[in-house]
Amino acid sequence: MRTTVGIIGAGPAGLLLARLLHRAGIESVVLESRDRDHVERRQRAGVLEQGTVDVLRAAGAGARLDREGLRHDGIELRFDRRRHRVDLAGLTGGRSVTVYAQTEICKDLIALQLAGGGPLLFEAEAVGVEGADTTSPRVRFRHQGREKVLECDYIAGCDGFWGVSRPSLPAGTGHVFERSYPYAWLGVLADVPPSHGELVYARHRRGFALLSMRTPAVSRLYLQVPEGTDARQWSDEEIWRELELRFETDDDWTLRRGPVTQKSVTPMRSFVHEPMRYGRLFLAGDAAHIVPPAGAKGLNLAVGDVVVLARALAHRRQTGSDALLDAYSATCLRRVWQAERFSHDMTTLLHRAPDATPFEGRLQLARLDRLTSSRAAGTDLAEAYTGFPLE
Ligand code: RFL
Ligand code: PHB
């Protein structure tokens, strides 16, 4: 098998890249290790920056997003039993975010790809990348019980944090910057209308809690839990009780309960691999970097990376120049590090570390007080939350 761009992974990064390349007249083949059903059901992100929505629309993947996506002009920060709205749109001259699940983006992009794009192979697991430092890199993969080779001009490693692309880089060709956090998120999906019209980020001495949503009828809720927690340790009753405690306010707000349909635990880490390129292998999305989810940035970063990569490949095709490909890593990393900074700030602002001192607790409250009482501080948060420009 031969193609121009071999794409490993059919998460949002790989699927959108295939779509953007197709629109630019560049051939690609997508290899995905899991089956279609798994990719379409994996519960993850929910918040899209304005720029992400614009990219999906321009790629022809915005029809259902425009019908079903929920536009949010603000978020709530909750602490000390009080509620504070951050007016995202008012502070940024009209920028907002859209709640539309990652599962739905993947469904939309898969349908487009299968209807008119290049090959997308499910249950095709890449096992190695070879010749990344030559002009004819190859992906070795297993499909239908056989080992096969995909010969390419370029390879896009869009295979997430646990994929094969990054580990296939020769030792010593890059640097990793990382930190882990001593807590995790227990996420639940519940068949109950969200108890508030906007996302609620709650700081509580018992730990962080987040109220989000998928649709007007489905809530998505998260609780900070100790690192290493097994989701089965928490009964539904315990989850609702803990959420009620952490979201409690002095006014008459109440949390609506409903049947829990899914439960899972997500560990928390910050991670960046630099550079995001080795020869003709380009890393994009979670394969190159991870942010803790409190900033809602992971999916948005993945989208930004592939926009930059598709543009660079199209430029190369039109002009023969490698200039944009050579700039790929530096262009992406500037935005990546802003997202790393913001996600780290949101994480440490809202979570309770197991060894936190009372002094640190007071500092969190002082930071929250500042964010909700100073227009300058609020604007800084609102600009970061609604998204940094692609370049
Ligand atoms: P993905 O989505 O992990 O996709 C990688 C794909 O590669 C496949 N793969 C392979 N295929 C072939 N051969 C191999 N050897 C392969 N190895 C792996 C995998 O099966 C998979 O299909 O990475 P991508 O495309 O870079 O997308 C990144 C996003 O998924 C991720 O950043 C976000 O989900 C992060 N995230 C959030 N991001 C946001 O922007 N806003 C949010 O609100 C948000 N909330 C979240 C999140 C992530 C969470 N979890 C579970 C980590 C909330 C949570 C709880
Ligand atoms: C989600 O809806 O899954 C979600 C929302 C906001 C975040 C993280 C996850 O910061």
# chains A, B, ... in the order shown; residues from 1 in each chain; ligands from 1

$ select_by_dssp --residues "region 169-252 of chain A" --states "strand (DSSP E)" --output "short mmCIF file (atom, residue, chain, number, x, y, z; two decimals) with all heavy atoms, in the first residue's frame"
data_model
loop_
_atom_site.label_atom_id
_atom_site.label_comp_id
_atom_site.auth_asym_id
_atom_site.auth_seq_id
_atom_site.Cartn_x
_atom_site.Cartn_y
_atom_site.Cartn_z
N HIS A 175 13.04 15.91 23.80
CA HIS A 175 12.98 16.13 25.24
C HIS A 175 11.54 16.01 25.70
O HIS A 175 10.63 16.46 25.00
CB HIS A 175 13.47 17.53 25.60
CG HIS A 175 14.94 17.69 25.42
ND1 HIS A 175 15.85 17.24 26.34
CD2 HIS A 175 15.64 18.20 24.40
CE1 HIS A 175 17.07 17.49 25.89
NE2 HIS A 175 16.97 18.07 24.71
N VAL A 176 11.36 15.46 26.89
CA VAL A 176 10.03 15.37 27.47
C VAL A 176 9.97 16.28 28.68
O VAL A 176 10.89 16.30 29.51
CB VAL A 176 9.73 13.91 27.87
CG1 VAL A 176 8.52 13.84 28.79
CG2 VAL A 176 9.50 13.05 26.63
N PHE A 177 8.88 17.05 28.77
CA PHE A 177 8.63 17.90 29.93
C PHE A 177 7.33 17.38 30.53
O PHE A 177 6.33 17.29 29.83
CB PHE A 177 8.46 19.36 29.51
CG PHE A 177 9.66 19.90 28.79
CD1 PHE A 177 9.80 19.72 27.41
CD2 PHE A 177 10.66 20.57 29.48
CE1 PHE A 177 10.91 20.20 26.74
CE2 PHE A 177 11.79 21.05 28.82
CZ PHE A 177 11.92 20.87 27.45
N GLU A 178 7.35 17.00 31.79
CA GLU A 178 6.10 16.43 32.32
C GLU A 178 5.94 16.63 33.81
O GLU A 178 6.89 16.93 34.52
CB GLU A 178 6.01 14.93 32.01
CG GLU A 178 7.04 14.08 32.67
CD GLU A 178 6.91 12.61 32.23
OE1 GLU A 178 5.77 12.13 32.12
OE2 GLU A 178 7.95 11.98 32.02
N ARG A 179 4.68 16.50 34.22
CA ARG A 179 4.41 16.45 35.66
C ARG A 179 3.12 15.68 35.86
O ARG A 179 2.21 15.72 35.03
CB ARG A 179 4.40 17.87 36.21
CG ARG A 179 3.09 18.45 36.58
CD ARG A 179 3.30 19.59 37.56
NE ARG A 179 2.79 19.18 38.86
CZ ARG A 179 2.59 20.02 39.85
NH1 ARG A 179 2.92 21.28 39.75
NH2 ARG A 179 2.10 19.59 40.98
N SER A 180 3.06 14.94 36.95
CA SER A 180 1.81 14.24 37.24
C SER A 180 1.21 14.89 38.48
O SER A 180 1.87 15.67 39.17
CB SER A 180 2.06 12.76 37.47
OG SER A 180 2.95 12.62 38.55
N TYR A 181 -0.05 14.60 38.73
CA TYR A 181 -0.75 15.22 39.85
C TYR A 181 -1.26 14.10 40.75
O TYR A 181 -1.62 13.03 40.26
CB TYR A 181 -1.93 16.06 39.34
CG TYR A 181 -1.48 17.16 38.38
CD1 TYR A 181 -1.30 16.90 37.02
CD2 TYR A 181 -1.19 18.45 38.84
CE1 TYR A 181 -0.87 17.89 36.15
CE2 TYR A 181 -0.76 19.45 37.96
CZ TYR A 181 -0.60 19.16 36.63
OH TYR A 181 -0.16 20.13 35.77
N PRO A 182 -1.29 14.34 42.06
CA PRO A 182 -1.65 13.26 42.99
C PRO A 182 -3.16 13.08 43.13
O PRO A 182 -3.65 12.79 44.20
CB PRO A 182 -1.02 13.73 44.31
CG PRO A 182 -1.05 15.22 44.21
CD PRO A 182 -0.90 15.57 42.77
N TYR A 183 -3.90 13.31 42.03
CA TYR A 183 -5.35 13.09 42.07
C TYR A 183 -5.83 12.74 40.67
O TYR A 183 -5.06 12.83 39.71
CB TYR A 183 -6.11 14.30 42.62
CG TYR A 183 -5.49 15.64 42.31
CD1 TYR A 183 -5.59 16.21 41.04
CD2 TYR A 183 -4.78 16.34 43.28
CE1 TYR A 183 -5.02 17.45 40.76
CE2 TYR A 183 -4.19 17.58 43.01
CZ TYR A 183 -4.33 18.13 41.75
OH TYR A 183 -3.75 19.34 41.46
N ALA A 184 -7.09 12.33 40.57
CA ALA A 184 -7.67 11.93 39.29
C ALA A 184 -9.10 12.45 39.25
O ALA A 184 -9.58 13.02 40.23
CB ALA A 184 -7.64 10.40 39.18
N TRP A 185 -9.77 12.25 38.11
CA TRP A 185 -11.19 12.61 38.01
C TRP A 185 -12.02 11.35 37.85
O TRP A 185 -11.71 10.51 36.99
CB TRP A 185 -11.45 13.48 36.78
CG TRP A 185 -11.11 14.92 36.91
CD1 TRP A 185 -10.37 15.51 37.89
CD2 TRP A 185 -11.49 15.96 35.99
NE1 TRP A 185 -10.27 16.86 37.65
CE2 TRP A 185 -10.95 17.17 36.49
CE3 TRP A 185 -12.23 15.99 34.81
CZ2 TRP A 185 -11.12 18.39 35.83
CZ3 TRP A 185 -12.40 17.21 34.16
CH2 TRP A 185 -11.86 18.40 34.67
N LEU A 186 -13.08 11.27 38.66
CA LEU A 186 -14.11 10.26 38.44
C LEU A 186 -15.19 10.95 37.61
O LEU A 186 -15.77 11.95 38.05
CB LEU A 186 -14.68 9.82 39.81
CG LEU A 186 -15.91 8.92 39.77
CD1 LEU A 186 -15.59 7.57 39.13
CD2 LEU A 186 -16.44 8.70 41.19
N GLY A 187 -15.40 10.47 36.39
CA GLY A 187 -16.38 11.11 35.50
C GLY A 187 -17.62 10.25 35.39
O GLY A 187 -17.53 9.03 35.29
N VAL A 188 -18.80 10.86 35.47
CA VAL A 188 -20.03 10.10 35.26
C VAL A 188 -20.90 10.79 34.21
O VAL A 188 -20.86 12.00 34.04
CB VAL A 188 -20.87 9.92 36.56
CG1 VAL A 188 -20.06 9.26 37.66
CG2 VAL A 188 -21.45 11.23 37.04
N LEU A 189 -21.63 9.94 33.50
CA LEU A 189 -22.62 10.40 32.54
C LEU A 189 -23.97 10.04 33.15
O LEU A 189 -24.15 8.92 33.63
CB LEU A 189 -22.40 9.63 31.24
CG LEU A 189 -22.78 10.26 29.91
CD1 LEU A 189 -22.09 11.59 29.71
CD2 LEU A 189 -22.39 9.30 28.79
N ALA A 190 -24.90 10.98 33.19
CA ALA A 190 -26.19 10.69 33.84
C ALA A 190 -27.34 11.20 32.98
O ALA A 190 -27.27 12.28 32.41
CB ALA A 190 -26.24 11.34 35.22
N VAL A 200 -20.09 24.49 35.64
CA VAL A 200 -19.77 24.96 36.99
C VAL A 200 -18.48 24.29 37.45
O VAL A 200 -18.40 23.05 37.54
CB VAL A 200 -20.90 24.61 37.99
CG1 VAL A 200 -20.53 25.12 39.39
CG2 VAL A 200 -22.23 25.21 37.54
N TYR A 201 -17.45 25.09 37.71
CA TYR A 201 -16.18 24.60 38.24
C TYR A 201 -16.17 24.94 39.73
O TYR A 201 -16.17 26.11 40.10
CB TYR A 201 -15.00 25.31 37.55
CG TYR A 201 -14.77 24.89 36.11
CD1 TYR A 201 -15.47 25.48 35.06
CD2 TYR A 201 -13.81 23.91 35.80
CE1 TYR A 201 -15.24 25.10 33.75
CE2 TYR A 201 -13.58 23.52 34.49
CZ TYR A 201 -14.30 24.12 33.47
OH TYR A 201 -14.07 23.75 32.16
N ALA A 202 -16.18 23.90 40.59
CA ALA A 202 -16.31 24.14 42.03
C ALA A 202 -15.04 23.78 42.78
O ALA A 202 -14.50 22.68 42.63
CB ALA A 202 -17.48 23.34 42.58
N ALA A 209 -15.03 19.71 41.95
CA ALA A 209 -16.14 19.08 41.23
C ALA A 209 -16.48 19.92 40.02
O ALA A 209 -16.29 21.15 40.03
CB ALA A 209 -17.37 18.95 42.13
N LEU A 210 -16.94 19.26 38.95
CA LEU A 210 -17.30 19.96 37.71
C LEU A 210 -18.65 19.48 37.22
O LEU A 210 -18.91 18.27 37.17
CB LEU A 210 -16.24 19.69 36.63
CG LEU A 210 -16.54 20.15 35.20
CD1 LEU A 210 -16.70 21.66 35.11
CD2 LEU A 210 -15.41 19.70 34.26
N LEU A 211 -19.50 20.45 36.89
CA LEU A 211 -20.79 20.11 36.28
C LEU A 211 -20.71 20.51 34.82
O LEU A 211 -20.48 21.68 34.49
CB LEU A 211 -21.90 20.89 36.98
CG LEU A 211 -23.34 20.62 36.56
CD1 LEU A 211 -24.26 20.96 37.73
CD2 LEU A 211 -23.77 21.42 35.34
N SER A 212 -20.86 19.53 33.94
CA SER A 212 -20.90 19.81 32.50
C SER A 212 -22.09 19.06 31.92
O SER A 212 -22.96 18.58 32.66
CB SER A 212 -19.57 19.38 31.86
OG SER A 212 -19.59 19.63 30.46
N MET A 213 -22.15 18.98 30.62
CA MET A 213 -23.33 18.37 30.00
C MET A 213 -22.97 17.84 28.62
O MET A 213 -21.93 18.18 28.06
CB MET A 213 -24.44 19.42 29.88
CG MET A 213 -24.04 20.59 29.03
SD MET A 213 -24.81 22.13 29.52
CE MET A 213 -24.05 22.47 31.09
N ARG A 214 -23.85 17.02 28.08
CA ARG A 214 -23.68 16.55 26.71
C ARG A 214 -24.80 17.06 25.83
O ARG A 214 -24.59 17.47 24.70
CB ARG A 214 -23.63 15.01 26.67
CG ARG A 214 -22.32 14.45 27.22
CD ARG A 214 -21.15 14.83 26.29
NE ARG A 214 -19.85 14.47 26.88
CZ ARG A 214 -19.07 15.32 27.53
NH1 ARG A 214 -19.43 16.57 27.70
NH2 ARG A 214 -17.91 14.92 28.01
N THR A 215 -26.03 17.01 26.37
CA THR A 215 -27.21 17.50 25.65
C THR A 215 -28.13 18.11 26.70
O THR A 215 -27.85 18.00 27.90
CB THR A 215 -27.96 16.32 24.96
OG1 THR A 215 -28.53 15.50 25.99
CG2 THR A 215 -27.04 15.48 24.09
N VAL A 218 -28.77 15.24 29.10
CA VAL A 218 -27.70 14.40 29.64
C VAL A 218 -26.64 15.26 30.34
O VAL A 218 -26.08 16.18 29.75
CB VAL A 218 -27.03 13.55 28.54
CG1 VAL A 218 -25.87 12.74 29.09
CG2 VAL A 218 -28.06 12.62 27.89
N SER A 219 -26.37 14.94 31.61
CA SER A 219 -25.34 15.65 32.38
C SER A 219 -24.03 14.88 32.37
O SER A 219 -24.03 13.65 32.33
CB SER A 219 -25.77 15.79 33.85
OG SER A 219 -26.94 16.54 33.96
N ARG A 220 -22.94 15.63 32.42
CA ARG A 220 -21.61 15.05 32.56
C ARG A 220 -21.02 15.67 33.82
O ARG A 220 -20.91 16.90 33.89
CB ARG A 220 -20.77 15.39 31.32
CG ARG A 220 -19.33 14.92 31.38
CD ARG A 220 -19.21 13.44 31.17
NE ARG A 220 -17.83 13.01 30.99
CZ ARG A 220 -17.40 11.79 31.29
NH1 ARG A 220 -18.23 10.90 31.80
NH2 ARG A 220 -16.15 11.45 31.09
N LEU A 221 -20.65 14.85 34.79
CA LEU A 221 -20.17 15.37 36.07
C LEU A 221 -18.84 14.74 36.44
O LEU A 221 -18.58 13.58 36.09
CB LEU A 221 -21.20 15.05 37.16
CG LEU A 221 -22.56 15.72 36.93
CD1 LEU A 221 -23.70 14.78 37.21
CD2 LEU A 221 -22.67 16.99 37.76
N TYR A 222 -18.01 15.52 37.09
CA TYR A 222 -16.70 15.00 37.51
C TYR A 222 -16.45 15.32 38.98
O TYR A 222 -16.85 16.37 39.48
CB TYR A 222 -15.57 15.64 36.71
CG TYR A 222 -15.57 15.35 35.22
CD1 TYR A 222 -16.11 16.25 34.31
CD2 TYR A 222 -15.01 14.17 34.72
CE1 TYR A 222 -16.09 16.00 32.94
CE2 TYR A 222 -14.98 13.91 33.36
CZ TYR A 222 -15.52 14.83 32.47
OH TYR A 222 -15.50 14.58 31.12
N LEU A 223 -15.75 14.39 39.66
CA LEU A 223 -15.32 14.57 41.04
C LEU A 223 -13.83 14.32 41.14
O LEU A 223 -13.33 13.32 40.59
CB LEU A 223 -15.96 13.50 41.93
CG LEU A 223 -17.36 13.67 42.48
CD1 LEU A 223 -17.70 12.40 43.28
CD2 LEU A 223 -17.46 14.90 43.37
N GLN A 224 -13.11 15.18 41.83
CA GLN A 224 -11.71 14.86 42.14
C GLN A 224 -11.69 13.67 43.09
O GLN A 224 -12.41 13.65 44.09
CB GLN A 224 -11.04 16.06 42.82
CG GLN A 224 -9.62 15.76 43.28
CD GLN A 224 -9.01 16.86 44.13
OE1 GLN A 224 -9.51 18.00 44.16
NE2 GLN A 224 -7.94 16.53 44.82
N VAL A 225 -10.88 12.66 42.75
CA VAL A 225 -10.71 11.48 43.62
C VAL A 225 -9.22 11.19 43.76
O VAL A 225 -8.42 11.69 42.95
CB VAL A 225 -11.43 10.23 43.04
CG1 VAL A 225 -12.95 10.40 43.06
CG2 VAL A 225 -10.94 9.92 41.62
N PRO A 226 -8.81 10.38 44.74
CA PRO A 226 -7.39 10.09 44.86
C PRO A 226 -6.88 9.34 43.63
O PRO A 226 -7.61 8.54 43.02
CB PRO A 226 -7.30 9.20 46.11
CG PRO A 226 -8.55 9.50 46.88
CD PRO A 226 -9.59 9.83 45.86
#

$ residues_around --residues "Asp345 (chain A)" --least-positions-apart "4" --cutoff "12 Å" --atoms "only C-alpha atoms" --output "number ranges by chain"
A: 270, 291-295, 338-341, 349-351, 364, 367-368, 371, 380-381, 384-385

$ write_last_selection --atoms "N, CA and C atoms" --output "PDB file, in the first residue's frame"
ATOM      1  N   SER A 270       0.485  16.478  32.940  1.00  0.00           N
ATOM      2  CA  SER A 270       0.934  17.464  31.954  1.00  0.00           C
ATOM      3  C   SER A 270       2.130  16.830  31.269  1.00  0.00           C
ATOM      4  N   VAL A 291      -2.639  17.642  28.477  1.00  0.00           N
ATOM      5  CA  VAL A 291      -2.936  18.653  29.495  1.00  0.00           C
ATOM      6  C   VAL A 291      -3.930  18.057  30.484  1.00  0.00           C
ATOM      7  N   PRO A 292      -3.882  18.464  31.752  1.00  0.00           N
ATOM      8  CA  PRO A 292      -4.946  18.027  32.663  1.00  0.00           C
ATOM      9  C   PRO A 292      -6.254  18.677  32.209  1.00  0.00           C
ATOM     10  N   PRO A 293      -7.402  17.983  32.369  1.00  0.00           N
ATOM     11  CA  PRO A 293      -8.627  18.418  31.686  1.00  0.00           C
ATOM     12  C   PRO A 293      -9.316  19.660  32.246  1.00  0.00           C
ATOM     13  N   ALA A 294      -8.862  20.203  33.370  1.00  0.00           N
ATOM     14  CA  ALA A 294      -9.585  21.325  33.974  1.00  0.00           C
ATOM     15  C   ALA A 294      -9.629  22.570  33.080  1.00  0.00           C
ATOM     16  N   GLY A 295      -8.738  22.651  32.097  1.00  0.00           N
ATOM     17  CA  GLY A 295      -8.764  23.801  31.189  1.00  0.00           C
ATOM     18  C   GLY A 295      -9.547  23.534  29.916  1.00  0.00           C
ATOM     19  N   GLN A 338       1.033  27.662  25.977  1.00  0.00           N
ATOM     20  CA  GLN A 338       0.010  28.522  26.593  1.00  0.00           C
ATOM     21  C   GLN A 338      -1.100  27.657  27.197  1.00  0.00           C
ATOM     22  N   ALA A 339      -1.479  26.604  26.492  1.00  0.00           N
ATOM     23  CA  ALA A 339      -2.521  25.707  27.009  1.00  0.00           C
ATOM     24  C   ALA A 339      -2.004  24.932  28.221  1.00  0.00           C
ATOM     25  N   GLU A 340      -0.738  24.532  28.196  1.00  0.00           N
ATOM     26  CA  GLU A 340      -0.155  23.844  29.356  1.00  0.00           C
ATOM     27  C   GLU A 340      -0.199  24.754  30.585  1.00  0.00           C
ATOM     28  N   ARG A 341       0.201  25.990  30.372  1.00  0.00           N
ATOM     29  CA  ARG A 341       0.208  26.948  31.485  1.00  0.00           C
ATOM     30  C   ARG A 341      -1.204  27.136  32.036  1.00  0.00           C
ATOM     31  N   LEU A 349      -5.591  25.774  40.842  1.00  0.00           N
ATOM     32  CA  LEU A 349      -6.550  26.722  41.412  1.00  0.00           C
ATOM     33  C   LEU A 349      -7.701  25.994  42.105  1.00  0.00           C
ATOM     34  N   LEU A 350      -8.083  24.843  41.565  1.00  0.00           N
ATOM     35  CA  LEU A 350      -9.361  24.240  41.954  1.00  0.00           C
ATOM     36  C   LEU A 350      -9.244  22.924  42.732  1.00  0.00           C
ATOM     37  N   HIS A 351      -8.105  22.228  42.620  1.00  0.00           N
ATOM     38  CA  HIS A 351      -7.999  20.922  43.280  1.00  0.00           C
ATOM     39  C   HIS A 351      -7.362  21.044  44.655  1.00  0.00           C
ATOM     40  N   GLN A 364      -5.540  29.778  47.199  1.00  0.00           N
ATOM     41  CA  GLN A 364      -6.530  29.438  46.157  1.00  0.00           C
ATOM     42  C   GLN A 364      -7.718  30.389  46.240  1.00  0.00           C
ATOM     43  N   ARG A 367      -6.823  33.725  44.883  1.00  0.00           N
ATOM     44  CA  ARG A 367      -6.763  33.731  43.409  1.00  0.00           C
ATOM     45  C   ARG A 367      -8.174  33.763  42.835  1.00  0.00           C
ATOM     46  N   LEU A 368      -9.072  32.975  43.429  1.00  0.00           N
ATOM     47  CA  LEU A 368     -10.460  32.941  42.942  1.00  0.00           C
ATOM     48  C   LEU A 368     -11.145  34.292  43.151  1.00  0.00           C
ATOM     49  N   LEU A 371      -9.900  36.570  40.444  1.00  0.00           N
ATOM     50  CA  LEU A 371     -10.451  36.241  39.121  1.00  0.00           C
ATOM     51  C   LEU A 371     -11.889  36.723  38.981  1.00  0.00           C
ATOM     52  N   ASP A 380      -8.230  37.747  31.494  1.00  0.00           N
ATOM     53  CA  ASP A 380      -7.129  36.807  31.237  1.00  0.00           C
ATOM     54  C   ASP A 380      -7.668  35.360  31.207  1.00  0.00           C
ATOM     55  N   LEU A 381      -8.509  35.033  32.181  1.00  0.00           N
ATOM     56  CA  LEU A 381      -9.127  33.701  32.220  1.00  0.00           C
ATOM     57  C   LEU A 381     -10.021  33.493  30.990  1.00  0.00           C
ATOM     58  N   ALA A 384      -8.109  32.920  27.719  1.00  0.00           N
ATOM     59  CA  ALA A 384      -7.487  31.590  27.666  1.00  0.00           C
ATOM     60  C   ALA A 384      -8.549  30.505  27.480  1.00  0.00           C
ATOM     61  N   TYR A 385      -9.665  30.618  28.201  1.00  0.00           N
ATOM     62  CA  TYR A 385     -10.690  29.567  28.140  1.00  0.00           C
ATOM     63  C   TYR A 385     -11.326  29.494  26.760  1.00  0.00           C
TER      64      TYR A 385
END

$ residues_near_ligand --ligand "ligand 1" --cutoff "7 Å" --atoms "only C-alpha atoms and all ligand atoms" --output "CSV table (one decimal) with N, CA and C atoms, in the first residue's frame"
chain,number,residue,atom,x,y,z
A,8,ILE,N,-1.7,7.7,11.5
A,8,ILE,CA,-1.9,6.7,12.5
A,8,ILE,C,-2.8,7.2,13.6
A,9,GLY,N,-4.0,6.6,13.7
A,9,GLY,CA,-5.0,7.0,14.7
A,9,GLY,C,-6.2,7.7,14.1
A,10,ALA,N,-7.4,7.3,14.5
A,10,ALA,CA,-8.6,7.9,14.1
A,10,ALA,C,-9.3,8.6,15.3
A,11,GLY,N,-8.6,9.3,16.1
A,11,GLY,CA,-9.2,10.2,17.1
A,11,GLY,C,-9.5,11.5,16.3
A,12,PRO,N,-9.9,12.5,17.1
A,12,PRO,CA,-10.2,13.8,16.4
A,12,PRO,C,-9.0,14.3,15.6
A,13,ALA,N,-7.8,14.2,16.0
A,13,ALA,CA,-6.6,14.7,15.3
A,13,ALA,C,-6.5,14.0,13.9
A,14,GLY,N,-6.5,12.6,13.9
A,14,GLY,CA,-6.3,11.9,12.7
A,14,GLY,C,-7.4,12.1,11.7
A,31,LEU,N,-5.0,4.7,9.7
A,31,LEU,CA,-5.0,3.4,10.3
A,31,LEU,C,-5.5,3.5,11.8
A,32,GLU,N,-6.5,2.8,12.2
A,32,GLU,CA,-7.0,2.9,13.5
A,32,GLU,C,-7.0,1.5,14.2
A,33,SER,N,-6.4,1.4,15.4
A,33,SER,CA,-6.3,0.1,16.0
A,33,SER,C,-7.6,-0.5,16.5
A,34,ARG,N,-8.5,0.4,16.9
A,34,ARG,CA,-9.8,-0.1,17.5
A,34,ARG,C,-10.9,-0.2,16.5
A,39,VAL,N,-14.4,3.7,18.8
A,39,VAL,CA,-14.0,5.1,18.6
A,39,VAL,C,-15.2,6.0,18.8
A,43,GLN,N,-16.0,8.2,25.8
A,43,GLN,CA,-16.4,9.5,26.4
A,43,GLN,C,-15.2,10.3,26.7
A,44,ARG,N,-15.1,11.5,26.2
A,44,ARG,CA,-14.0,12.4,26.6
A,44,ARG,C,-14.4,13.8,26.6
A,45,ALA,N,-13.8,14.6,25.7
A,45,ALA,CA,-14.0,16.1,25.8
A,45,ALA,C,-15.4,16.5,25.4
A,46,GLY,N,-15.7,17.7,25.9
A,46,GLY,CA,-17.0,18.3,25.6
A,46,GLY,C,-17.0,19.8,25.2
A,47,VAL,N,-15.9,20.5,25.4
A,47,VAL,CA,-15.9,21.9,25.2
A,47,VAL,C,-15.1,22.3,24.1
A,48,LEU,N,-15.7,23.0,23.1
A,48,LEU,CA,-14.9,23.4,21.9
A,48,LEU,C,-14.7,24.9,21.9
A,102,GLN,N,-17.0,15.1,22.0
A,102,GLN,CA,-16.0,14.5,21.1
A,102,GLN,C,-16.5,13.3,20.4
A,124,ALA,N,-6.9,-1.8,12.5
A,124,ALA,CA,-5.6,-1.8,11.8
A,124,ALA,C,-4.6,-1.2,12.7
A,125,GLU,N,-3.8,-2.0,13.4
A,125,GLU,CA,-2.9,-1.5,14.4
A,125,GLU,C,-1.5,-1.3,13.9
A,126,ALA,N,-1.1,0.0,14.0
A,126,ALA,CA,0.3,0.3,13.6
A,126,ALA,C,1.2,-0.4,14.7
A,127,VAL,N,2.3,-1.1,14.2
A,127,VAL,CA,3.2,-1.7,15.2
A,127,VAL,C,4.6,-1.0,15.1
A,158,CYS,N,-0.9,10.5,15.0
A,158,CYS,CA,-2.1,11.0,15.7
A,158,CYS,C,-2.7,9.9,16.6
A,159,ASP,N,-1.8,9.1,17.2
A,159,ASP,CA,-2.2,7.9,17.9
A,159,ASP,C,-2.3,8.1,19.4
A,160,GLY,N,-2.5,9.3,19.8
A,160,GLY,CA,-2.7,9.5,21.3
A,160,GLY,C,-1.5,9.3,22.1
A,161,PHE,N,-1.7,9.4,23.4
A,161,PHE,CA,-0.6,9.3,24.4
A,161,PHE,C,0.0,7.9,24.4
A,162,TRP,N,-0.8,6.9,24.2
A,162,TRP,CA,-0.3,5.5,24.3
A,162,TRP,C,0.0,4.9,23.0
A,163,GLY,N,0.1,5.7,21.9
A,163,GLY,CA,0.4,5.1,20.6
A,163,GLY,C,1.8,4.7,20.3
A,164,VAL,N,2.1,4.3,19.1
A,164,VAL,CA,3.5,3.8,18.8
A,164,VAL,C,4.4,4.9,18.2
A,187,GLY,N,-15.4,10.5,36.4
A,187,GLY,CA,-16.4,11.1,35.5
A,187,GLY,C,-17.6,10.3,35.4
A,266,THR,N,-10.1,9.1,35.2
A,266,THR,CA,-9.1,9.7,34.3
A,266,THR,C,-7.9,10.2,35.2
A,284,ALA,N,1.0,14.8,16.4
A,284,ALA,CA,-0.1,15.8,16.5
A,284,ALA,C,-1.0,15.3,17.6
A,285,GLY,N,-1.6,16.3,18.4
A,285,GLY,CA,-2.6,15.9,19.4
A,285,GLY,C,-1.9,15.3,20.6
A,286,ASP,N,-2.7,14.4,21.3
A,286,ASP,CA,-2.2,13.7,22.5
A,286,ASP,C,-0.9,12.9,22.3
A,287,ALA,N,-0.6,12.6,21.1
A,287,ALA,CA,0.7,11.8,20.8
A,287,ALA,C,1.8,12.7,21.2
A,290,ILE,N,-0.1,16.3,26.5
A,290,ILE,CA,-1.2,16.1,27.3
A,290,ILE,C,-1.4,17.2,28.3
A,293,PRO,N,-7.4,18.0,32.4
A,293,PRO,CA,-8.6,18.4,31.7
A,293,PRO,C,-9.3,19.7,32.2
A,296,ALA,N,-10.0,22.3,29.7
A,296,ALA,CA,-10.8,21.9,28.5
A,296,ALA,C,-10.0,22.2,27.2
A,297,LYS,N,-8.7,21.8,27.2
A,297,LYS,CA,-7.9,22.2,26.1
A,297,LYS,C,-7.4,21.1,25.2
A,298,GLY,N,-7.5,19.8,25.6
A,298,GLY,CA,-6.8,18.8,24.9
A,298,GLY,C,-7.3,18.6,23.4
A,299,LEU,N,-8.6,18.5,23.3
A,299,LEU,CA,-9.1,18.4,21.9
A,299,LEU,C,-8.9,19.6,21.1
A,300,ASN,N,-9.0,20.8,21.7
A,300,ASN,CA,-8.7,22.0,20.9
A,300,ASN,C,-7.3,22.1,20.5
A,301,LEU,N,-6.4,21.6,21.3
A,301,LEU,CA,-4.9,21.6,20.8
A,301,LEU,C,-4.7,20.6,19.7
A,302,ALA,N,-5.4,19.5,19.8
A,302,ALA,CA,-5.3,18.5,18.7
A,302,ALA,C,-5.8,19.1,17.4

$ residues_around --residues "Thr4 (chain A)" --least-positions-apart "5" --cutoff "6 Å" --atoms "only C-alpha atoms" --output "number ranges by chain"
A: 27-28, 152-153

$ atom_distance --atom1 "CA of Asp191 (chain A)" --atom2 "CA of Val265 (chain A)"
18.8 Å
